[in-house]
Every structure is written in C-alpha cells, then in structure tokens.
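Undergrad: I have a structure here, written as structure tokens, and I will follow up with some questions on it.
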Protein chains: 2
Amino acid sequence: MAYVHGYGAREAQRLQDQASTLAGLLHWDTVYPAGSAVLEAGCGTGAQTVTPATQSPGALFTSIDISDASLAQARKAVEAAGVTNVSLDQADIFKLPFPPQSFNHAFLCFVLEHLSRPQDALAVLRSMLKPGGSITVIVGDHGSAYFHPESACAREAIQCQVTLQARAGGDALIGRRLYPLLKEARFEDIRVSPRMVYADASKPELVDGFTRRTFTAMIEAVREPALGAGLIEAARFDEGITGLHRAAGDDGVFCYTFFKAVAVNPNGL
Amino acid sequence: MAYVHGYGAREAQRLQDQASTLAGLLHWDTVYPAGSAVLEAGCGTGAQTVTPATQSPGALFTSIDISDASLAQARKAVEAAGVTNVSLDQADIFKLPFPPQSFNHAFLCFVLEHLSRPQDALAVLRSMLKPGGSITVIVGDHGSAYFHPESACAREAIQCQVTLQARAGGDALIGRRLYPLLKEARFEDIRVSPRMVYADASKPELVDGFTRRTFTAMIEAVREPALGAGLIEAARFDEGITGLHRAAGDDGVFCYTFFKAVAVNPNGL
C-alpha cells in the first residue's frame with residue numbers, strides 16, 4: 001500500500017512543522033505511568049513519538065514502522081530530542097513480532113487513515129494489549145476542513161488528496177469513524193474527543209504553522225499525483241492552493257478537526 | 001426578511017430543546033459584572049436569554065426583538081425561570097430606540113445568520129456600546145456539519161436549509177466569518193472560539209438533545225418550503241432525514257460547530 005504523503009525530505013519537514021504546532025493540542029493528555037510498556041504502531045519519522053515519550057519518561061516505548069527509511073529518521077529525531085525511552089523496530093502492523101498481551105498500552109497517531117483494514121489493525125493491536133490495557137488513536141478528517149473566503153477550487157484540491165488516499169486504500173475522512181471502528185474491534189469505554197484547530201489572523205503562529213505549513217503544504221504535495229491521475233486541471237489545482245493561502249490571509253479563517261480516541265481492552269475471561 | 005425557522009409551536013419547542021442541551025457549551029463563559037447594562041439584540045423566544053441572565057444576576061438585560069409574538073413567548077420563558085433582571089422591548093436592530101453608548105455590553109445569539117447586512121448590524125450595536133464595552137456573538141455554521149455513516153441525501157437536505165436561508169437574506173455558513181465581520185465593524189481584541197458538538201452513542205443525551213431534536217429537527221422543519229421551492233424531491237429529502245437519524249444511531253457519529261466571539265468597542269477619540 002502506498003503512503004499517500006510520500007517519503008521526501010520536504011514531507012519530513014512538513015511532518016515536523018505539524019508536530020511542533022499540534023503537540024499540545026493532540027498529546028497533552030497522554031501520560032503513561034512509570035513501568036508501562038507502550039507499543040507505538042506506525043511511528044514513521046518519529047514526529048509524533050517525541051512528545052508522548054518525553055511526557056512519560058518512566059514508560060518504555062516500542063515504536064515500530066514498516067519503512068526502514070522512516071525509522072532511520074525517527075532514530076535521528078529521538079536522539080536529537082534526547083529521548084532515551086524509545087526502542088525502534090522495523091515491523092508490519094499486521095505481523096507483529098511480539099507475543100499476545102505484551103503491552104500495557106498502544107498508541108498510534110496519523111496511521112489508521114493509511115490502512116485499508118483499519119478495524120483489523122485495531123483488532124491486532126488489541127491482541128497485543130494486556131486485559132485492561134488502553135489504546136490511544138489520533139487521526140485527521142479532511143471533511144472537517146472549511147474556511148473563509150470560500151473557494152470551490154480549494155475544495156476540489158482537498159478532494160484530490162481524499163481521492164488519492166482512498167485509491168491507496170486509506171480513508172482521509174476517518175476521524176468521524178473512530179468510535180464505530182473501535183467498537184467493531186471490540187474495545188470498550190471508548191472516548192472520542194475532537195481536537196479542533198481554528199486559525200484566524202489573531203493567531204499568526206497557528207496560521208503559519210498549521211494553515212500554511214501543515215494543511216496547505218499537505219495538499220500542495222499531491223499536485224503531481226493528482227494531475228498525473230487526471231483528477232483535476234493544473235490551473236484549477238493551483239487556484240485551489242491560492243484559495244487556501246487566502247484563508248491564511250488577514251481576513252481569512254481556517255478550521256480543521258483531529259479526532260483522538262482512548263479505549264480499553266476489556267478484562268475478559 | 002423572513003425568519004427561516006418560522007414561528008410555530010414546534011419550532012419554539014425545538015429552540016427550547018436546543019437551549020437546554022447547549023447552555024453549558026455556549027454560555028458558561030459569559031458573565032457580566034453587577035451593574036452592567038447589557039443589550040441583547042434579537043432575543044426571539046428567550047431561549048438563549050435565560051442562561052446568561054441567570055448567570056449575571058446583578059446585570060440588567062435589555063432584550064429586544066422585532067417580533068411581538070416572540071417577545072410574548074420570551075416573557076413567559078423569563079417569568080417561568082424566575083428571572084427578574086430582563087426587560088423585554090419590541091425594536092428593530094437597525095432602528096434601536098436608545099441613545100448611543102447606552103450599554104456596557106451587547107449580546108446576540110443565533111441572530112446574525114438571519115440578517116442580510118450582518119456587518120451593519122454589528123456596527124449599529126457598536127454604536128450602542130460605551131468605549132471599552134464588549135460584544136458577544138454566537139452563531140452556527142451548517143458547513144461544519146458532518147457525520148457517519150455518509151449520506152449524500154442528508155447533505156442535500158442540509159443544503160436546502162442553507163439555500164433557503166440565503167434566499168431569505170441570511171447566511172447559514174456565517175460561523176467561519178465572525179472574525180472578518182467583527183473586524184469590518186471595527187471591533188478590536190476579537191477572540192473567536194469554536195464550540196464543537198461531537199455526539200456518538202456513548203453520549204445518548206447529546207445524541208437525542210442535539211443530533212435528533214436540535215439539528216435534524218431544524219432540517220426537517222424546512223421540508224415544505226424546500227419542496228415548495230423545488231430545491232429537492234420529496235423522496236430524496238426524506239431519505240436525507242433518515243440519513244441524519246442513522247447518524248444518531250448506535251454506530252453513528254454527528255459533528256457540528258458553533259462559533260462564539262467576544263470583541264471590544266475601542267476606546268477612541
């Protein structure tokens with residue numbers, strides 16, 4: 001399955017910008033007790049690994065990813081941050097090299113939207129958890145993006161990303177589905193909390209860090225594949241990017257919502 | 001200008017259900033000091049008057065509306081709640097019978113989306129404020145509604161409400177525009193905070209109070225005008241309502257965002 005965002009250096013920078021801007025919003029309430037064994041599935045370049053690992057210095061993170069190239073970047077990110085409680089391993093989320101019930105907690109951020117069988121991945125992760133262990137899942141939902149001024153081209157450019165992600169087997173609108181997915185994977189005590197980003201000109205750092213350098217950059221990055229797949233004409237796509245930049249202007253507003261869920265592996269017989 | 005929701009008894013009940021469900025989310029941070037003179041513009045049936053007035057017992061609310069019928073209902077609502085710091089008067093927001101700078105604060109909830117010149121209304125209200133006085137504005141944004149499972153018919157039914165409101169001179173997508181509108185009306189220190197409603201089956205009271213009895217009921221209420229205007233076929237509209245009810249089901253999710261802004265009338269010469 002293709003990773004829709006690609007693996008380039010520019011994408012790595014975008015992921016880092018995104019992580020810095022969103023660290024508080026997404027991760028402030030994820031803290032694991034000392035001694036916990038935490039499985040992070042799909043750590044990628046480690047952009048979302050450093051904050052949770054730093055916040056839980058007494059927990060041991062086992063962070064896996066399918067891509068060796070990403071793991072190499074993750075290793076650098078973890079070392080640069082001085083984080084010592086993260087162990088990085090190459091592994092496929094569907095063929096995990098751990099015995100059942102090896103972990104107290106599981107954590108995954110910006111992973112589920114790329115998988116063609118997210119409920120199966122959740123079921124696998126549940127099997128890795130001890131009874132009573134928790135899973136924490138963070139995803140986006142591109143259908144939650146709206147902005148001012150209105151731009152039909154910007155909507156079409158965003159839709160290109162949604163379509164490409166669907167063709168790669170994923171779902172860029174998965175945020176709203178977290179609750180039923182976790183229920184289907186037989187988790188209990190499912191608590192979903194939306195994390196909305198609202199950016200107007202009174203928050204210039206958020207406009208720059210999120211509207212421009214996270215969201216708009218993500219859409220810009222699918223220009224070539226979108227044109228190559230014949231999803232949109234070049235002029236319309238570029239006008240869409242201009243529209244997103246207008247939403248980052250002095251009279252612009254941009255809204256987007258991430259979804260975070262915490263759920264529990266039931267204490268079964 | 002037509003009030004798109006109508007003035008019937010069923011609508012009054014819907015407004016009351018909405019108010020009970022949303023009181024905390026929308027109003028918890030609106031508290032005025034004792035002695036404040038507060039102008040509430042467009043109080044309607046008083047559904048959104050009781051909570052702020054109760055929370056600021058030492059402030060005197062002057063709540064105006066253009067509809068005598070609504071004011072009669074507001075009078076009942078205020079009396080039923082035992083609220084004694086609200087004075088109700090019939091007046092047009094564009095022809096207010098008060099001298100300039102009569103009030104310390106202005107408050108309006110679910111009003112601006114019905115006006116064809118919202119920035120002018122804001123400018124009029126600013127003229128009613130003393131220098132340094134504040135305005136608090138709460139509106140919805142129907143473009144913020146999304147749900148699971150997906151339903152193209154539900155989207156079309158919602159779009160009927162948006163179209164009818166636009167034809168009546170209003171804007172059902174106004175939430176995202178609060179910041180530029182307040183800026184255009186020359187308010188300062190504009191702070192917009194989104195108030196997102198996220199309802200899944202773990203919150204049955206919210207599903208019932210908001211997804212079913214507030215939002216779906218509001219869309220259902222435009223069935224006759226939407227069919228009369230030829231905006232949609234009856235079967236499609238009804239299928240859309242069914243879709244919204246599915247989003248209120250055991251595996252359903254419904255999201256909607258209100259926007260609340262507080263801004264200040266500058267201390268100018």
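Every chain in the structure tokens takes a letter, A first, then B, and so on in the order presented; its residues are numbered from 1, and the ligands are numbered from 1 following the presented order.
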Select, as number ranges by chain, those residues of chain A with any atom no more than 9 Å from chain B (distances computed using only C-alpha atoms).

TA: A: 143-149, 176-177, 179-181, 183, 189-194, 196-198, 200-202, 250-255

Undergrad: Can you tell me, as a ChimeraX atom specification, what residues are no more than 12 Å from Thr54 of chain B when counting only C-alpha atoms, ignoring any on the same chain fewer than 6 positions away?

TA: /B:23,27-28,30-32,48,60-61,78-79,81-86

Undergrad: How about saving the chosen residues, C-alpha atoms kept, as a compact mmCIF listing (two decimals), in the first residue's frame?

TA:
# COMPACT_ATOMS: atom_id res chain seq x y z
CA ALA B 23 -26.46 26.04 27.60
CA HIS B 27 -22.76 30.29 27.67
CA TRP B 28 -20.56 29.10 30.54
CA THR B 30 -20.46 34.76 29.62
CA VAL B 31 -20.74 36.52 32.97
CA TYR B 32 -21.31 40.28 33.33
CA GLN B 48 -30.92 31.89 24.87
CA LEU B 60 -29.66 44.44 33.74
CA PHE B 61 -30.55 42.92 30.37
CA VAL B 78 -38.23 34.60 31.59
CA GLU B 79 -41.07 34.50 34.13
CA ALA B 81 -37.35 30.77 35.03
CA GLY B 82 -37.88 33.31 37.79
CA VAL B 83 -35.51 35.74 36.08
CA THR B 84 -36.10 39.36 37.13
CA ASN B 85 -33.19 41.23 35.51
CA VAL B 86 -34.50 41.18 31.93

Undergrad: If we count only C-alpha atoms, what is near segment 88-98 of chain B at a cut-off of 10 Å, once residues fewer than 2 positions away on the same chain are taken out, given as a VMD selection string?

TA: chain B and resid 40 to 43 46 61 to 72 74 to 75 78 85 to 86 100 to 103 115 117 120 to 125 128

Undergrad: Show me, as a list in words, the residues that have an atom within 7 Å of Asn104 of chain B when counting only C-alpha atoms, minus same-chain residues fewer than 5 positions from it.

TA: Ser36, Ala37, Val38, Leu129, Lys130, Gly133 and Ser134 of chain B
